[in-house]
Amino acid sequence: MTPDTGRKIIHVDMDAFYASVEQRDDAALRGRPIAVGHGARRGVVAAASYEARTFGVRSAMPSTTALRKCPELVFVPPRFEIYKTVSRQIHAVFADYTDLIEPLSLDEAYLDVTGNRRGLPTATETAREIRARILEETGLTASAGISYNKFLAKLASDMNKPDGQYVIAPGKGEAVVEGLPVGRFHGVGPVTAGQMNRLGIHTGSDLKAQSLAFLTHHFGKSGSWYFGIARGVDERPVNPNRERKSSGSETTFETDQTEPDAIEAGVLAMADDVWAWCDRTGARGRTVTVKIKWGDFQQSTRSRSATSVIGSQEAIREMSLALIRSVYPPRMGIRLVGVTLSNFKHKANEAVQMSLA
């Protein structure tokens, strides 16, 4: 395994994107704790400003919980058309620097700038110029991570937030990874981090000390991924033409949940995430799958396919709720929920509103 691919990768991540757009467009919201979403009883936080995050408010949190944590929280209805418009502006900036752009969502992407289209001296200068142009053209700040592979670039983009950037240079990745808690690694969620901790794996150094056989035994096919990232290795290229066979989103609750309101708030937030991606790409699918991870780390899924492609956000929400409700009453606390859409047709004009009769 070769840790240095010779690539120059930038991961750009907008800072509290939805909330920052709302604060940009309404001066009365600046400096205040805001949540994009609906404050109704069954509402969900889609995004939280940095002011709200200091109170512990997070995305996918039930609105009632968010208000308990921050009684001064201001809820702002989402404006996805505006977010998509701003996202297009941001991606137009990216396109001036490289054709190798792999979007992850409306507000983050990988860029391979090895070709150095603009003739800038370093990838660090390239990231700095991209961030400055985003600020100038949209009024919003972005953070960036710069490194020689995607895993390290994404890790770096979270190290100097908001409105900053961080470089993990060739030859430095392995040492950076060794000193970090495993919960900081992309692809290691809270549940997996807890499982690792129980096995005595707390840091990247602990992870590196494990054999491939040990990691595969305890984590299945993910074991080889963990073995690589413990050494700062990720050979995946930036793929601008990746055809996705599914789109999914998942969230881990702070504590195991048995109350329907909290469980369903998480499911609805994940369904909204998936629909936002569909709305941006024009992709439409027929099959909805809800993933459930229980308190004992066992996993269940429930799926349903419609007779025609799902053509609205409300339809995917209703289908997701029907699937999660099929496991009620839950046999134990639920730690994680996810929603995935598959069986795609990639033309929005082929979408037909699904009947939920």
# chains A, B, ... in the order shown; residues from 1 in each chain; ligands from 1
call {"tool": "residues_around", "arguments": {"residues": "range 102-115 of chain A", "least_positions_apart": "3", "cutoff": "8 Å", "atoms": "only C-alpha atoms", "output": "PyMOL selection string"}}
result
chain A and resi 7-14+17+83-84+87+94+97-98+123+150+238-241+277+280
call {"tool": "residues_around", "arguments": {"residues": "Val21 in chain A", "least_positions_apart": "5", "cutoff": "9 Å", "atoms": "only C-alpha atoms", "output": "PyMOL selection string"}}
result
chain A and resi 16+26+82-83+86+138-140
call {"tool": "select_by_dssp", "arguments": {"residues": "range 37-175 of chain A", "states": "strand (DSSP E)", "output": "ChimeraX atom specification"}}
result
/A:37,45-48,74-76,101-105,108-112,142-147,165-167
call {"tool": "residues_around", "arguments": {"residues": "range 323-330 of chain A", "least_positions_apart": "6", "cutoff": "7 Å", "atoms": "only C-alpha atoms", "output": "ChimeraX atom specification"}}
result
/A:258,290,302-303
call {"tool": "write_last_selection", "arguments": {"atoms": "N, CA, C and O atoms", "output": "tab-separated table (two decimals), in the first residue's frame"}}
result
chain	number	residue	atom	x	y	z
A	258	THR	N	-36.43	5.08	22.03
A	258	THR	CA	-37.61	4.22	21.94
A	258	THR	C	-38.87	5.03	21.68
A	258	THR	O	-39.90	4.46	21.33
A	290	VAL	N	-35.31	1.70	4.75
A	290	VAL	CA	-35.00	2.29	6.06
A	290	VAL	C	-34.09	1.33	6.81
A	290	VAL	O	-34.37	0.13	6.92
A	302	ARG	N	-35.82	-2.33	6.30
A	302	ARG	CA	-37.16	-2.49	5.77
A	302	ARG	C	-37.22	-1.75	4.45
A	302	ARG	O	-36.82	-0.58	4.38
A	303	SER	N	-37.72	-2.41	3.39
A	303	SER	CA	-37.75	-1.80	2.07
A	303	SER	C	-39.13	-1.93	1.45
A	303	SER	O	-39.88	-2.87	1.76
call {"tool": "select_by_dssp", "arguments": {"residues": "range 168-289 of chain A", "states": "alpha helix (DSSP H)", "output": "MDAnalysis selection string"}}
result
chainID A and resid 173:178 190:198 204:208 212:219 223:229 260:281
call {"tool": "residues_around", "arguments": {"residues": "range 44-47 of chain A", "least_positions_apart": "2", "cutoff": "8 Å", "atoms": "only C-alpha atoms", "output": "JSON, numbers by chain"}}
result
{"A": [16, 17, 18, 19, 35, 36, 37, 38, 39, 42, 49, 58, 59, 60, 61, 62, 63, 66, 78, 265, 266, 268, 269]}
call {"tool": "write_last_selection", "arguments": {"atoms": "N, CA, C and O atoms", "output": "PDB file, in the first residue's frame"}}
result
ATOM      1  N   ALA A  16     -21.753  25.707   7.911  1.00  0.00           N
ATOM      2  CA  ALA A  16     -23.168  25.800   8.319  1.00  0.00           C
ATOM      3  C   ALA A  16     -24.014  26.339   7.166  1.00  0.00           C
ATOM      4  O   ALA A  16     -24.713  27.345   7.300  1.00  0.00           O
ATOM      5  N   PHE A  17     -23.972  25.650   6.043  1.00  0.00           N
ATOM      6  CA  PHE A  17     -24.414  26.193   4.764  1.00  0.00           C
ATOM      7  C   PHE A  17     -25.835  26.758   4.789  1.00  0.00           C
ATOM      8  O   PHE A  17     -26.054  27.946   4.537  1.00  0.00           O
ATOM      9  N   TYR A  18     -26.832  25.924   5.071  1.00  0.00           N
ATOM     10  CA  TYR A  18     -28.214  26.413   5.020  1.00  0.00           C
ATOM     11  C   TYR A  18     -28.411  27.587   5.978  1.00  0.00           C
ATOM     12  O   TYR A  18     -29.020  28.609   5.628  1.00  0.00           O
ATOM     13  N   ALA A  19     -27.901  27.424   7.200  1.00  0.00           N
ATOM     14  CA  ALA A  19     -28.087  28.474   8.204  1.00  0.00           C
ATOM     15  C   ALA A  19     -27.339  29.744   7.808  1.00  0.00           C
ATOM     16  O   ALA A  19     -27.838  30.863   8.022  1.00  0.00           O
ATOM     17  N   ALA A  35     -32.103  27.701  13.572  1.00  0.00           N
ATOM     18  CA  ALA A  35     -32.200  26.345  13.034  1.00  0.00           C
ATOM     19  C   ALA A  35     -33.032  26.411  11.763  1.00  0.00           C
ATOM     20  O   ALA A  35     -34.108  27.013  11.749  1.00  0.00           O
ATOM     21  N   VAL A  36     -32.514  25.833  10.711  1.00  0.00           N
ATOM     22  CA  VAL A  36     -33.306  25.694   9.496  1.00  0.00           C
ATOM     23  C   VAL A  36     -34.166  24.447   9.661  1.00  0.00           C
ATOM     24  O   VAL A  36     -33.657  23.352   9.920  1.00  0.00           O
ATOM     25  N   GLY A  37     -35.479  24.641   9.551  1.00  0.00           N
ATOM     26  CA  GLY A  37     -36.406  23.544   9.787  1.00  0.00           C
ATOM     27  C   GLY A  37     -37.719  24.104  10.282  1.00  0.00           C
ATOM     28  O   GLY A  37     -38.016  25.294  10.106  1.00  0.00           O
ATOM     29  N   HIS A  38     -38.484  23.240  10.908  1.00  0.00           N
ATOM     30  CA  HIS A  38     -39.800  23.647  11.402  1.00  0.00           C
ATOM     31  C   HIS A  38     -39.879  23.368  12.900  1.00  0.00           C
ATOM     32  O   HIS A  38     -39.481  22.307  13.367  1.00  0.00           O
ATOM     33  N   GLY A  39     -40.388  24.345  13.630  1.00  0.00           N
ATOM     34  CA  GLY A  39     -40.439  24.234  15.082  1.00  0.00           C
ATOM     35  C   GLY A  39     -41.652  23.511  15.609  1.00  0.00           C
ATOM     36  O   GLY A  39     -41.867  23.460  16.814  1.00  0.00           O
ATOM     37  N   ARG A  42     -43.564  17.827  15.469  1.00  0.00           N
ATOM     38  CA  ARG A  42     -42.894  16.768  14.739  1.00  0.00           C
ATOM     39  C   ARG A  42     -41.823  17.316  13.799  1.00  0.00           C
ATOM     40  O   ARG A  42     -41.386  16.645  12.875  1.00  0.00           O
ATOM     41  N   SER A  49     -27.071  26.987  12.974  1.00  0.00           N
ATOM     42  CA  SER A  49     -25.991  27.967  12.908  1.00  0.00           C
ATOM     43  C   SER A  49     -24.953  27.654  13.983  1.00  0.00           C
ATOM     44  O   SER A  49     -25.217  26.904  14.935  1.00  0.00           O
ATOM     45  N   ARG A  58     -28.114  20.256  16.923  1.00  0.00           N
ATOM     46  CA  ARG A  58     -27.493  19.590  15.786  1.00  0.00           C
ATOM     47  C   ARG A  58     -28.541  19.232  14.739  1.00  0.00           C
ATOM     48  O   ARG A  58     -29.731  19.131  15.049  1.00  0.00           O
ATOM     49  N   SER A  59     -28.091  18.997  13.517  1.00  0.00           N
ATOM     50  CA  SER A  59     -29.002  18.555  12.471  1.00  0.00           C
ATOM     51  C   SER A  59     -29.575  17.190  12.827  1.00  0.00           C
ATOM     52  O   SER A  59     -28.942  16.404  13.554  1.00  0.00           O
ATOM     53  N   ALA A  60     -30.782  16.936  12.330  1.00  0.00           N
ATOM     54  CA  ALA A  60     -31.539  15.698  12.567  1.00  0.00           C
ATOM     55  C   ALA A  60     -32.091  15.607  13.988  1.00  0.00           C
ATOM     56  O   ALA A  60     -32.659  14.584  14.367  1.00  0.00           O
ATOM     57  N   MET A  61     -31.949  16.647  14.768  1.00  0.00           N
ATOM     58  CA  MET A  61     -32.483  16.663  16.122  1.00  0.00           C
ATOM     59  C   MET A  61     -33.966  17.063  16.090  1.00  0.00           C
ATOM     60  O   MET A  61     -34.351  17.961  15.328  1.00  0.00           O
ATOM     61  N   PRO A  62     -34.820  16.398  16.865  1.00  0.00           N
ATOM     62  CA  PRO A  62     -36.212  16.844  16.932  1.00  0.00           C
ATOM     63  C   PRO A  62     -36.287  18.303  17.384  1.00  0.00           C
ATOM     64  O   PRO A  62     -35.515  18.735  18.249  1.00  0.00           O
ATOM     65  N   SER A  63     -37.198  19.048  16.796  1.00  0.00           N
ATOM     66  CA  SER A  63     -37.308  20.468  17.116  1.00  0.00           C
ATOM     67  C   SER A  63     -37.581  20.701  18.594  1.00  0.00           C
ATOM     68  O   SER A  63     -37.080  21.661  19.195  1.00  0.00           O
ATOM     69  N   ALA A  66     -34.356  20.491  20.420  1.00  0.00           N
ATOM     70  CA  ALA A  66     -33.536  21.669  20.136  1.00  0.00           C
ATOM     71  C   ALA A  66     -33.995  22.870  20.953  1.00  0.00           C
ATOM     72  O   ALA A  66     -33.177  23.625  21.488  1.00  0.00           O
ATOM     73  N   PRO A  78     -36.863  26.028   5.537  1.00  0.00           N
ATOM     74  CA  PRO A  78     -35.829  25.836   4.504  1.00  0.00           C
ATOM     75  C   PRO A  78     -36.260  26.393   3.149  1.00  0.00           C
ATOM     76  O   PRO A  78     -37.449  26.395   2.816  1.00  0.00           O
ATOM     77  N   ALA A 265     -38.448  11.686  13.858  1.00  0.00           N
ATOM     78  CA  ALA A 265     -37.765  12.937  13.497  1.00  0.00           C
ATOM     79  C   ALA A 265     -36.457  12.635  12.777  1.00  0.00           C
ATOM     80  O   ALA A 265     -36.108  13.288  11.780  1.00  0.00           O
ATOM     81  N   GLY A 266     -35.724  11.632  13.260  1.00  0.00           N
ATOM     82  CA  GLY A 266     -34.490  11.247  12.593  1.00  0.00           C
ATOM     83  C   GLY A 266     -34.739  10.696  11.204  1.00  0.00           C
ATOM     84  O   GLY A 266     -34.028  11.026  10.248  1.00  0.00           O
ATOM     85  N   LEU A 268     -37.323  11.313   9.217  1.00  0.00           N
ATOM     86  CA  LEU A 268     -37.764  12.391   8.327  1.00  0.00           C
ATOM     87  C   LEU A 268     -36.597  13.269   7.887  1.00  0.00           C
ATOM     88  O   LEU A 268     -36.523  13.692   6.729  1.00  0.00           O
ATOM     89  N   ALA A 269     -35.679  13.545   8.802  1.00  0.00           N
ATOM     90  CA  ALA A 269     -34.514  14.352   8.438  1.00  0.00           C
ATOM     91  C   ALA A 269     -33.672  13.644   7.381  1.00  0.00           C
ATOM     92  O   ALA A 269     -33.176  14.269   6.433  1.00  0.00           O
TER      93      ALA A 269
END
call {"tool": "residues_around", "arguments": {"residues": "Leu135 in chain A", "least_positions_apart": "2", "cutoff": "12 Å", "atoms": "only C-alpha atoms", "output": "list in words"}}
result
Met14, Asp15, Ser20, Val21, Arg24, Val86, Gln89, Ile90, Val93, Arg128, Glu129, Ile130, Arg131, Ala132, Arg133, Glu137, Thr138, Gly139, Leu140, Thr141, Ala142, Ser143 and Asp163 of chain A
call {"tool": "residues_around", "arguments": {"residues": "range 203-220 of chain A", "least_positions_apart": "2", "cutoff": "10 Å", "atoms": "only C-alpha atoms", "output": "short mmCIF file (atom, residue, chain, number, x, y, z; two decimals) with N, CA and C atoms, in the first residue's frame"}}
result
data_model
loop_
_atom_site.label_atom_id
_atom_site.label_comp_id
_atom_site.auth_asym_id
_atom_site.auth_seq_id
_atom_site.Cartn_x
_atom_site.Cartn_y
_atom_site.Cartn_z
N GLU A 174 0.18 9.73 8.14
CA GLU A 174 0.15 8.64 9.10
C GLU A 174 0.30 9.16 10.53
N ALA A 175 1.19 10.12 10.73
CA ALA A 175 1.41 10.67 12.08
C ALA A 175 0.18 11.43 12.56
N VAL A 176 -0.48 12.17 11.66
CA VAL A 176 -1.70 12.90 12.05
C VAL A 176 -2.77 11.93 12.49
N VAL A 177 -2.96 10.88 11.71
CA VAL A 177 -4.00 9.90 12.01
C VAL A 177 -3.71 9.21 13.34
N GLU A 178 -2.45 8.88 13.60
CA GLU A 178 -2.11 8.17 14.84
C GLU A 178 -2.55 8.92 16.08
N GLY A 179 -2.49 10.24 16.05
CA GLY A 179 -2.77 11.02 17.24
C GLY A 179 -4.23 11.40 17.46
N LEU A 180 -5.12 11.02 16.54
CA LEU A 180 -6.52 11.43 16.63
C LEU A 180 -7.39 10.32 17.19
N PRO A 181 -8.47 10.68 17.90
CA PRO A 181 -9.44 9.66 18.32
C PRO A 181 -10.15 9.09 17.11
N VAL A 182 -10.50 7.81 17.15
CA VAL A 182 -11.11 7.16 16.00
C VAL A 182 -12.45 7.78 15.63
N GLY A 183 -13.12 8.40 16.60
CA GLY A 183 -14.40 9.05 16.31
C GLY A 183 -14.28 10.22 15.36
N ARG A 184 -13.07 10.72 15.12
CA ARG A 184 -12.86 11.83 14.19
C ARG A 184 -12.77 11.38 12.74
N PHE A 185 -12.67 10.07 12.52
CA PHE A 185 -12.41 9.58 11.17
C PHE A 185 -13.70 9.46 10.38
N THR A 192 -19.75 2.75 15.71
CA THR A 192 -18.52 2.02 15.41
C THR A 192 -17.39 2.45 16.33
N ALA A 193 -17.31 3.75 16.61
CA ALA A 193 -16.28 4.24 17.53
C ALA A 193 -16.45 3.59 18.91
N GLN A 195 -17.81 0.67 19.50
CA GLN A 195 -17.39 -0.73 19.37
C GLN A 195 -15.87 -0.83 19.40
N MET A 196 -15.21 0.10 18.70
CA MET A 196 -13.74 0.10 18.72
C MET A 196 -13.21 0.35 20.12
N ASN A 197 -13.82 1.29 20.81
CA ASN A 197 -13.37 1.60 22.17
C ASN A 197 -13.45 0.39 23.08
N LEU A 199 -13.06 -2.55 22.22
CA LEU A 199 -11.98 -3.46 21.83
C LEU A 199 -10.60 -2.89 22.17
N GLY A 200 -10.60 -1.75 22.85
CA GLY A 200 -9.34 -1.12 23.24
C GLY A 200 -8.74 -0.23 22.17
N ILE A 201 -9.53 0.12 21.17
CA ILE A 201 -9.07 0.98 20.07
C ILE A 201 -9.64 2.38 20.30
N SER A 222 -15.57 -3.72 6.12
CA SER A 222 -15.03 -2.41 6.47
C SER A 222 -13.64 -2.51 7.10
N GLY A 223 -13.27 -3.71 7.54
CA GLY A 223 -11.98 -3.88 8.20
C GLY A 223 -10.81 -3.45 7.34
N SER A 224 -10.85 -3.73 6.03
CA SER A 224 -9.74 -3.34 5.16
C SER A 224 -9.66 -1.82 5.01
N TRP A 225 -10.82 -1.14 5.03
CA TRP A 225 -10.84 0.32 4.99
C TRP A 225 -10.17 0.89 6.24
N TYR A 226 -10.53 0.36 7.40
CA TYR A 226 -9.94 0.84 8.65
C TYR A 226 -8.45 0.56 8.69
N PHE A 227 -8.04 -0.59 8.17
CA PHE A 227 -6.61 -0.92 8.12
C PHE A 227 -5.85 0.11 7.29
N GLY A 228 -6.43 0.53 6.17
CA GLY A 228 -5.77 1.52 5.32
C GLY A 228 -5.73 2.90 5.93
N ILE A 229 -6.86 3.38 6.43
CA ILE A 229 -6.88 4.76 6.93
C ILE A 229 -6.02 4.92 8.18
N ALA A 230 -5.83 3.84 8.94
CA ALA A 230 -4.94 3.91 10.10
C ALA A 230 -3.52 4.24 9.67
N ARG A 231 -3.22 4.00 8.42
CA ARG A 231 -1.89 4.28 7.87
C ARG A 231 -1.92 5.50 6.93
N GLY A 232 -3.04 6.21 6.94
CA GLY A 232 -3.18 7.39 6.09
C GLY A 232 -3.33 7.04 4.62
#
call {"tool": "residues_around", "arguments": {"residues": "Phe297 in chain A", "least_positions_apart": "2", "cutoff": "9 Å", "atoms": "only C-alpha atoms", "output": "compact mmCIF listing (two decimals) with C-alpha atoms, in the first residue's frame"}}
result
# COMPACT_ATOMS: atom_id res chain seq x y z
CA VAL A 191 -21.60 3.41 17.15
CA THR A 192 -18.52 2.02 15.41
CA GLN A 195 -17.39 -0.73 19.37
CA LYS A 293 -29.24 -0.10 14.09
CA TRP A 294 -30.36 -1.34 17.49
CA GLY A 295 -28.79 -0.76 20.87
CA GLN A 299 -28.98 -4.12 12.14
CA ARG A 335 -29.20 3.89 18.00
